[in-house]
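Source file: final_21.txt; contents: compact mmCIF, C-alpha atoms.
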# COMPACT_ATOMS: atom_id res chain seq x y z
CA MET A 245 108.53 187.44 131.03
CA ALA A 246 106.75 187.15 134.34
CA LEU A 247 106.41 184.00 136.35
CA ILE A 248 103.90 183.95 139.15
CA ALA A 249 103.83 180.95 141.46
CA GLN A 250 101.40 180.96 144.33
CA SER A 251 100.24 178.24 146.64
CA THR A 252 97.85 177.61 149.46
CA VAL A 253 96.78 174.79 151.77
CA LEU A 254 93.21 173.55 151.84
CA PRO A 255 91.52 171.61 154.65
CA ALA A 256 90.27 168.79 152.42
CA PRO A 257 91.95 165.86 150.66
CA PRO A 258 93.14 166.30 147.04
CA GLU A 259 90.32 164.11 145.69
CA ASP A 260 87.72 166.56 147.03
CA VAL A 261 89.50 169.58 145.58
CA TRP A 262 90.15 167.76 142.30
CA ASN A 263 86.42 167.00 142.00
CA ILE A 264 85.79 170.73 141.96
CA ILE A 265 88.60 172.04 139.78
CA ARG A 266 89.17 169.16 137.31
CA ASP A 267 86.36 170.17 134.92
CA PHE A 268 87.96 172.51 132.37
CA ASN A 269 84.51 173.92 131.67
CA GLY A 270 83.50 174.12 135.33
CA HIS A 271 85.24 177.33 136.37
CA GLU A 272 81.98 179.23 135.83
CA THR A 273 80.60 177.30 138.81
CA TRP A 274 83.32 178.31 141.27
CA HIS A 275 85.61 181.08 140.02
CA PRO A 276 84.14 184.50 140.83
CA ALA A 277 85.68 186.16 137.75
CA VAL A 278 83.98 183.81 135.28
CA ALA A 279 80.40 184.43 134.19
CA THR A 280 79.77 181.77 131.52
CA SER A 281 81.85 179.12 129.80
CA LEU A 282 81.47 176.59 127.00
CA ILE A 283 83.71 174.08 125.26
CA GLU A 284 84.04 174.77 121.55
CA ARG A 285 83.02 172.37 118.79
CA GLY A 286 81.06 170.15 121.16
CA PHE A 287 84.22 168.55 122.51
CA ILE A 288 84.19 167.11 125.99
CA ALA A 289 85.91 169.06 128.73
CA ASP A 290 88.48 166.42 129.63
CA MET A 291 89.66 165.93 126.07
CA VAL A 292 93.19 167.27 125.98
CA GLY A 293 93.34 169.91 123.26
CA CYS A 294 89.79 171.18 123.82
CA VAL A 295 89.18 174.93 123.92
CA ARG A 296 87.03 176.72 126.47
CA ARG A 297 85.43 179.99 125.47
CA PHE A 298 84.29 182.02 128.44
CA ARG A 299 83.12 185.45 129.51
CA LEU A 300 84.33 187.31 132.53
CA GLN A 301 81.91 189.21 134.75
CA ASP A 302 82.94 192.41 132.95
CA GLY A 303 81.95 190.94 129.58
CA ALA A 304 85.44 190.26 128.24
CA GLU A 305 85.64 187.06 126.20
CA LEU A 306 88.63 184.71 126.40
CA ARG A 307 89.63 181.39 124.83
CA GLU A 308 91.92 178.91 126.54
CA GLN A 309 93.19 175.53 125.41
CA LEU A 310 93.75 172.49 127.62
CA LEU A 311 97.32 171.29 127.05
CA ALA A 312 97.58 168.59 129.69
CA LEU A 313 95.32 166.89 132.22
CA SER A 314 96.38 164.23 134.69
CA ASP A 315 94.16 162.38 137.12
CA ALA A 316 97.28 160.58 138.33
CA ASP A 317 99.03 163.80 139.33
CA HIS A 318 95.94 165.92 139.97
CA SER A 319 97.28 168.53 137.59
CA PHE A 320 96.41 170.41 134.44
CA THR A 321 98.07 172.89 132.11
CA TYR A 322 96.43 175.36 129.77
CA CYS A 323 97.29 178.33 127.59
CA LEU A 324 95.49 181.47 126.57
CA LEU A 325 94.61 181.67 122.88
CA GLU A 326 92.64 184.90 122.69
CA THR A 327 92.04 187.71 125.11
CA PRO A 328 91.21 191.41 125.04
CA ILE A 329 93.77 191.86 127.84
CA PRO A 330 97.44 192.40 126.90
CA LEU A 331 98.65 188.99 128.11
CA PHE A 332 100.84 187.07 125.69
CA ASN A 333 102.36 183.58 125.69
CA TYR A 334 100.30 182.83 128.75
CA ILE A 335 100.69 179.29 130.09
CA ALA A 336 99.33 178.22 133.46
CA HIS A 337 99.83 175.08 135.47
CA VAL A 338 97.78 173.83 138.40
CA ARG A 339 98.63 170.91 140.63
CA LEU A 340 97.42 169.40 143.87
CA LEU A 341 99.59 167.47 146.30
CA PRO A 342 98.42 165.63 149.40
CA VAL A 343 99.29 166.92 152.86
CA THR A 344 99.16 163.60 154.71
CA ASP A 345 99.67 165.31 158.08
CA GLY A 346 96.08 166.50 158.62
CA ASN A 347 94.61 165.14 155.37
CA GLY A 348 94.75 168.42 153.48
CA THR A 349 95.82 169.62 150.07
CA PHE A 350 98.72 171.72 148.86
CA TRP A 351 97.52 173.64 145.81
CA GLU A 352 100.01 175.31 143.52
CA TRP A 353 99.03 177.58 140.65
CA GLN A 354 101.66 179.00 138.35
CA ALA A 355 101.37 181.28 135.37
CA GLN A 356 104.00 182.62 133.01
CA PHE A 357 103.36 185.28 130.43
CA ASP A 358 104.60 188.31 128.59
CA ALA A 359 103.03 191.77 128.60
CA PRO A 360 103.82 195.00 126.83
CA GLU A 361 106.47 197.27 128.27
CA GLY A 362 104.98 199.27 131.12
CA GLN A 363 101.98 196.99 131.64
CA LEU A 364 103.76 194.07 133.25
CA ASP A 365 103.06 195.17 136.84
CA GLN A 366 99.41 195.69 136.08
CA MET A 367 99.12 192.29 134.41
CA ARG A 368 100.99 190.65 137.25
CA ALA A 369 98.57 192.09 139.77
CA LEU A 370 95.62 191.02 137.62
CA VAL A 371 96.81 187.42 137.29
CA GLY A 372 98.02 187.15 140.88
CA ASP A 373 95.03 188.76 142.58
CA GLN A 374 91.98 188.44 140.34
CA ILE A 375 92.73 185.02 138.90
CA ILE A 376 94.86 183.04 141.32
CA GLN A 377 94.06 184.58 144.72
CA ALA A 378 90.39 184.92 143.88
CA GLY A 379 90.35 181.26 142.84
CA PHE A 380 92.05 180.15 146.04
CA GLN A 381 89.62 182.17 148.12
CA ALA A 382 86.59 180.78 146.28
CA ILE A 383 87.63 177.18 146.90
CA HIS A 384 88.42 177.93 150.53
CA THR A 385 84.89 179.31 150.87
CA LEU A 386 83.33 176.36 149.00
CA LEU A 387 85.06 173.96 151.37
CA GLY A 388 83.69 175.88 154.32
CA ALA A 389 87.01 177.26 155.45
CA ASP A 390 87.39 180.87 156.41
CA GLY A 391 90.11 181.27 153.89
CA PRO A 392 93.83 181.50 154.11
CA SER A 393 94.50 182.87 157.57
CA SER A 394 97.42 184.88 156.48
CA THR A 395 98.73 187.86 154.67
CA PRO A 396 98.75 187.37 150.92
CA GLN A 397 102.08 187.88 149.24
CA HIS A 398 101.80 189.68 145.98
CA HIS A 399 105.41 189.76 144.99
CA VAL A 400 106.48 186.16 145.02
CA ALA A 401 106.90 186.42 141.29
CA GLN A 402 110.30 186.24 139.76
CA VAL A 403 110.28 188.66 136.92
CA HIS A 404 112.72 188.53 134.06
CA GLU A 405 112.21 191.45 131.79
CA MET H 107 108.22 148.38 144.62
CA ALA H 108 106.71 149.89 147.74
CA ARG H 109 106.24 153.59 148.27
CA VAL H 110 105.75 155.65 151.39
CA TYR H 111 104.81 159.31 151.23
CA VAL H 112 104.40 161.73 154.12
CA SER H 113 103.90 165.48 153.86
CA SER H 114 103.26 168.29 156.27
CA ILE H 115 103.02 172.05 156.68
CA ILE H 116 105.83 173.64 158.68
CA PRO H 117 105.16 177.11 160.15
CA ALA H 118 108.32 178.74 158.76
CA THR H 119 109.58 179.92 155.40
CA THR H 120 111.08 177.43 152.98
CA ASP H 121 114.47 179.09 153.46
CA GLN H 122 114.30 178.69 157.22
CA VAL H 123 113.35 175.03 157.01
CA TRP H 124 115.98 174.37 154.33
CA ASP H 125 118.65 175.95 156.55
CA ARG H 126 117.73 173.45 159.21
CA ILE H 127 117.60 170.29 157.13
CA ARG H 128 120.08 170.90 154.30
CA ASP H 129 123.17 169.55 156.07
CA PHE H 130 123.43 165.88 155.07
CA ASN H 131 125.45 165.33 158.22
CA GLY H 132 123.00 167.27 160.39
CA LEU H 133 120.12 164.85 160.79
CA ALA H 134 120.91 164.37 164.47
CA ASN H 135 120.57 168.14 165.01
CA TRP H 136 116.89 168.17 164.17
CA HIS H 137 115.54 164.61 164.03
CA PRO H 138 114.80 163.12 167.45
CA ALA H 139 115.38 159.52 166.31
CA MET H 140 118.97 160.11 165.19
CA ARG H 141 122.33 160.75 166.85
CA GLU H 142 126.07 160.68 166.21
CA SER H 143 126.38 161.34 162.52
CA ARG H 144 129.58 161.62 160.54
CA ILE H 145 130.51 161.79 156.87
CA GLU H 146 132.82 158.99 155.79
CA ASP H 147 136.28 159.64 154.31
CA GLY H 148 136.30 163.24 155.51
CA ARG H 149 134.28 164.48 152.56
CA PRO H 150 132.14 167.62 152.76
CA ALA H 151 128.48 166.98 153.59
CA ASP H 152 127.26 168.71 150.47
CA GLN H 153 129.46 166.73 148.12
CA VAL H 154 127.05 164.62 146.08
CA GLY H 155 128.11 161.01 146.49
CA CYS H 156 129.25 161.38 150.11
CA ILE H 157 128.14 158.84 152.70
CA ARG H 158 126.68 159.64 156.11
CA ASN H 159 127.15 157.13 158.86
CA PHE H 160 124.87 157.70 161.81
CA LYS H 161 123.22 155.96 164.71
CA LEU H 162 119.59 155.81 165.69
CA GLN H 163 118.71 156.43 169.34
CA THR H 164 118.27 152.65 169.49
CA GLY H 165 121.99 152.26 168.75
CA GLU H 166 121.47 150.84 165.28
CA THR H 167 123.74 152.12 162.51
CA ILE H 168 122.60 153.40 159.13
CA ARG H 169 124.76 154.36 156.14
CA GLU H 170 123.22 156.49 153.45
CA GLN H 171 124.64 157.98 150.27
CA LEU H 172 123.75 161.44 148.99
CA LEU H 173 122.52 161.08 145.40
CA GLY H 174 121.25 164.57 144.77
CA LEU H 175 121.16 167.91 146.58
CA SER H 176 119.45 170.97 145.15
CA ASP H 177 119.53 174.43 146.68
CA TYR H 178 117.39 175.46 143.74
CA ASP H 179 114.56 172.98 144.38
CA ASN H 180 115.24 172.66 148.11
CA SER H 181 115.46 168.90 147.84
CA CYS H 182 117.73 166.09 148.90
CA THR H 183 117.77 162.53 147.51
CA TYR H 184 119.65 159.67 149.11
CA ALA H 185 119.90 155.90 149.14
CA ILE H 186 120.38 153.46 151.98
CA LEU H 187 123.57 151.43 151.80
CA GLU H 188 123.23 149.67 155.15
CA SER H 189 120.45 149.67 157.71
CA PRO H 190 118.73 147.46 160.26
CA MET H 191 115.56 147.58 158.16
CA PRO H 192 114.95 144.63 155.79
CA VAL H 193 114.83 146.82 152.68
CA THR H 194 116.65 146.98 149.35
CA ASN H 195 116.79 149.59 146.59
CA TYR H 196 115.78 152.23 149.11
CA ARG H 197 115.79 155.71 147.61
CA ALA H 198 114.24 158.67 149.43
CA THR H 199 113.67 162.34 148.68
CA LEU H 200 113.01 165.11 151.15
CA SER H 201 111.83 168.29 149.47
CA LEU H 202 110.31 171.65 150.32
CA LEU H 203 107.89 173.91 148.49
CA PRO H 204 106.74 177.35 149.59
CA VAL H 205 103.16 177.99 150.67
CA THR H 206 103.03 181.57 149.49
CA LEU H 207 99.80 182.29 151.36
CA GLY H 208 101.07 182.68 154.89
CA ASP H 209 104.80 182.17 154.42
CA ARG H 210 104.75 178.54 155.40
CA CYS H 211 106.51 175.54 154.00
CA PHE H 212 105.13 172.37 152.43
CA ALA H 213 107.50 169.51 153.21
CA GLN H 214 107.39 166.16 151.45
CA TRP H 215 109.29 163.00 152.27
CA SER H 216 108.88 160.12 149.88
CA VAL H 217 110.64 156.81 149.46
CA GLU H 218 110.62 153.84 147.16
CA PHE H 219 112.06 150.51 148.28
CA GLU H 220 111.68 146.78 148.04
CA CYS H 221 111.16 144.34 150.87
CA ALA H 222 109.61 140.96 151.59
CA PRO H 223 105.79 141.10 151.61
CA THR H 224 105.77 139.88 155.21
CA ASP H 225 107.90 142.85 156.28
CA LEU H 226 106.01 145.50 154.35
CA ASP H 227 103.54 146.56 157.04
CA ALA H 228 106.14 146.91 159.76
CA VAL H 229 108.58 148.79 157.53
CA THR H 230 105.87 151.09 156.21
CA LYS H 231 104.70 151.88 159.72
CA ARG H 232 108.20 152.53 160.97
CA LEU H 233 109.05 154.86 158.09
CA THR H 234 105.73 156.70 158.20
CA HIS H 235 105.64 157.35 161.94
CA ASP H 236 109.12 156.94 163.42
CA VAL H 237 111.11 158.51 160.61
CA PHE H 238 109.11 160.86 158.43
CA GLN H 239 106.21 162.15 160.55
CA SER H 240 108.38 162.24 163.63
CA GLY H 241 110.87 164.41 161.73
CA PHE H 242 108.15 166.76 160.59
CA ASP H 243 106.71 166.94 164.11
CA ALA H 244 110.14 167.96 165.38
CA LEU H 245 110.38 170.69 162.74
CA LYS H 246 106.90 171.95 163.59
CA ARG H 247 107.82 172.08 167.28
CA HIS H 248 111.10 173.82 166.52
CA PHE H 249 109.36 176.53 164.55
CA GLY H 250 106.63 176.92 167.11
CA GLY H 251 103.82 175.09 165.32

Now that the file is in, can you turn its structure into structure tokens?
Amino acid sequence: MALIAQSTVLPAPPEDVWNIIRDFNGHETWHPAVATSLIERGFIADMVGCVRRFRLQDGAELREQLLALSDADHSFTYCLLETPIPLFNYIAHVRLLPVTDGNGTFWEWQAQFDAPEGQLDQMRALVGDQIIQAGFQAIHTLLGADGPSSTPQHHVAQVHE
Amino acid sequence: MARVYVSSIIPATTDQVWDRIRDFNGLANWHPAMRESRIEDGRPADQVGCIRNFKLQTGETIREQLLGLSDYDNSCTYAILESPMPVTNYRATLSLLPVTLGDRCFAQWSVEFECAPTDLDAVTKRLTHDVFQSGFDALKRHFGG
């Protein structure tokens, strides 16, 4: 199993960031990897248990289910139900915490998953770079910041194979 | 129940900051408001349940008991036993999380306590500025932030 935990600091209060990322069907508006998204069965996007069906820019279709959503904690948890990519038992957790010194936001995004023997590194790079880092960068840009002024770390993951 | 929460970004790794703040008897080494700390009864400073007895720069004495220490979560929880502040049921946690983008550290200091409504503003201000933010400012200065 791989566990990837990455975090960044944004120059806006958690409420502002939460307004952007809270909508489980809204990732098509801000995440560069997502082309289109819909919530299945006409459910509403903040109904815990709802499923989002979305297409990536490369055409791949995925389904993810919302397992937890908290406006009190500014956090949500979701799992992958179907994907053409060899990612199994994928559960991700996102949370925002206030940085009172400077009125910013600490944003943590974690994902744990299994992958077939020999493909774990590739999947780890995909999740770490194309999902999490790309998401961080997109929100930094949306908020008008230049982006994390730092060297990304790709191997913060603790891997237990 | 009142709550005060202060958090900051320290320009150092979580390990570096934890090395500096982990010692329950070491507050005076890094926090400008504190001096002359000792652990009562000769117990080790990382023995959960031990009591630190220290003075503020003002000369006031505070006794605090270590309730939890985690090298895994990089966090420390303690309660006030005696202090010049008009508070009861005071329980605070200082914890660190890594900011993986940029090798920095997200530090949080939170406390829950009870006090008379008339004292709340003064206590909140003192904790926010003189204790928590002032500690974080000292850490930022130490690590060149």

Would you mind listing, as a count of residues only, all residues of chain H that have at least one atom within 8 Å of chain A, where only C-alpha atoms are what counts? 12

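The protein and nucleic acid residues lying at most 9 Å from Tyr184 in chain H are Gly155, Glu170, Gln171, Leu172, Leu173, Gly174, Leu175, Tyr196, Arg197, Ala198, Thr199 and Leu200 of chain H, with all atoms listed in the file considered and sequence neighbours fewer than 5 positions away removed.
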
Quick one, how far is CA of Leu300 in chain A from CA of Ile376 in chain A? 14.4 Å

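The closest residue to Pro223 in chain H, picked from H:Pro192, H:His137, H:Asp147, H:His248 and counting all atoms listed in the file, is H:Pro192.
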
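Counting from CA of Pro360 in chain A, the distance to CA of Leu247 in chain A is 14.8 Å.
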
CA of Ile383 in chain A to CA of Pro330 in chain A, straight-line distance in Å: 27.0 Å

Fewer than 3 positions away in the same chain doesn't count, so skip those; otherwise give me all residues within 9 Å of Leu310 in chain A, counting only C-alpha atoms, as a list in words. Phe268, Ala289, Asp290, Met291, Val292, Gly293, Cys294, Val295, Arg296, Leu313, Phe320, Thr321, Tyr322 and Cys323 of chain A

Val278 in chain A surroundings by all atoms listed in the file, 8 Å radius, close-in-sequence under 5 positions cut, as a PDB file with C-alpha atoms, in the coordinates of the input:
ATOM      1  CA  HIS A 271      85.240 177.330 136.370  1.00  0.00           C
ATOM      2  CA  GLU A 272      81.980 179.230 135.830  1.00  0.00           C
ATOM      3  CA  PHE A 298      84.290 182.020 128.440  1.00  0.00           C
ATOM      4  CA  ARG A 299      83.120 185.450 129.510  1.00  0.00           C
ATOM      5  CA  LEU A 300      84.330 187.310 132.530  1.00  0.00           C
ATOM      6  CA  GLN A 301      81.910 189.210 134.750  1.00  0.00           C
TER       7      GLN A 301
END

Counting all atoms listed in the file, which residues have an atom no more than 8 Å from (106.6, 174.6, 153.5) in the file's coordinates? Please list them as a PDB file with C-alpha atoms, in the coordinates of the input.
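The resulting file, selection-v7.pdb, is reproduced below:
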ATOM      1  CA  SER H 114     103.260 168.290 156.270  1.00  0.00           C
ATOM      2  CA  ILE H 115     103.020 172.050 156.680  1.00  0.00           C
ATOM      3  CA  ILE H 116     105.830 173.640 158.680  1.00  0.00           C
ATOM      4  CA  PRO H 117     105.160 177.110 160.150  1.00  0.00           C
ATOM      5  CA  ALA H 118     108.320 178.740 158.760  1.00  0.00           C
ATOM      6  CA  THR H 119     109.580 179.920 155.400  1.00  0.00           C
ATOM      7  CA  THR H 120     111.080 177.430 152.980  1.00  0.00           C
ATOM      8  CA  VAL H 123     113.350 175.030 157.010  1.00  0.00           C
ATOM      9  CA  LEU H 202     110.310 171.650 150.320  1.00  0.00           C
ATOM     10  CA  LEU H 203     107.890 173.910 148.490  1.00  0.00           C
ATOM     11  CA  PRO H 204     106.740 177.350 149.590  1.00  0.00           C
ATOM     12  CA  VAL H 205     103.160 177.990 150.670  1.00  0.00           C
ATOM     13  CA  ASP H 209     104.800 182.170 154.420  1.00  0.00           C
ATOM     14  CA  ARG H 210     104.750 178.540 155.400  1.00  0.00           C
ATOM     15  CA  CYS H 211     106.510 175.540 154.000  1.00  0.00           C
ATOM     16  CA  PHE H 212     105.130 172.370 152.430  1.00  0.00           C
ATOM     17  CA  ALA H 213     107.500 169.510 153.210  1.00  0.00           C
TER      18      ALA H 213
END

Give the centre and edge lengths of an axis-aligned box, in Å to one decimal, that holds all listed atoms of range 157-168 of chain H with 8 Å on each side, as JSON.
{"center_x": 123.2, "center_y": 155.2, "center_z": 161.1, "size_x": 25.9, "size_y": 24.8, "size_z": 32.8}
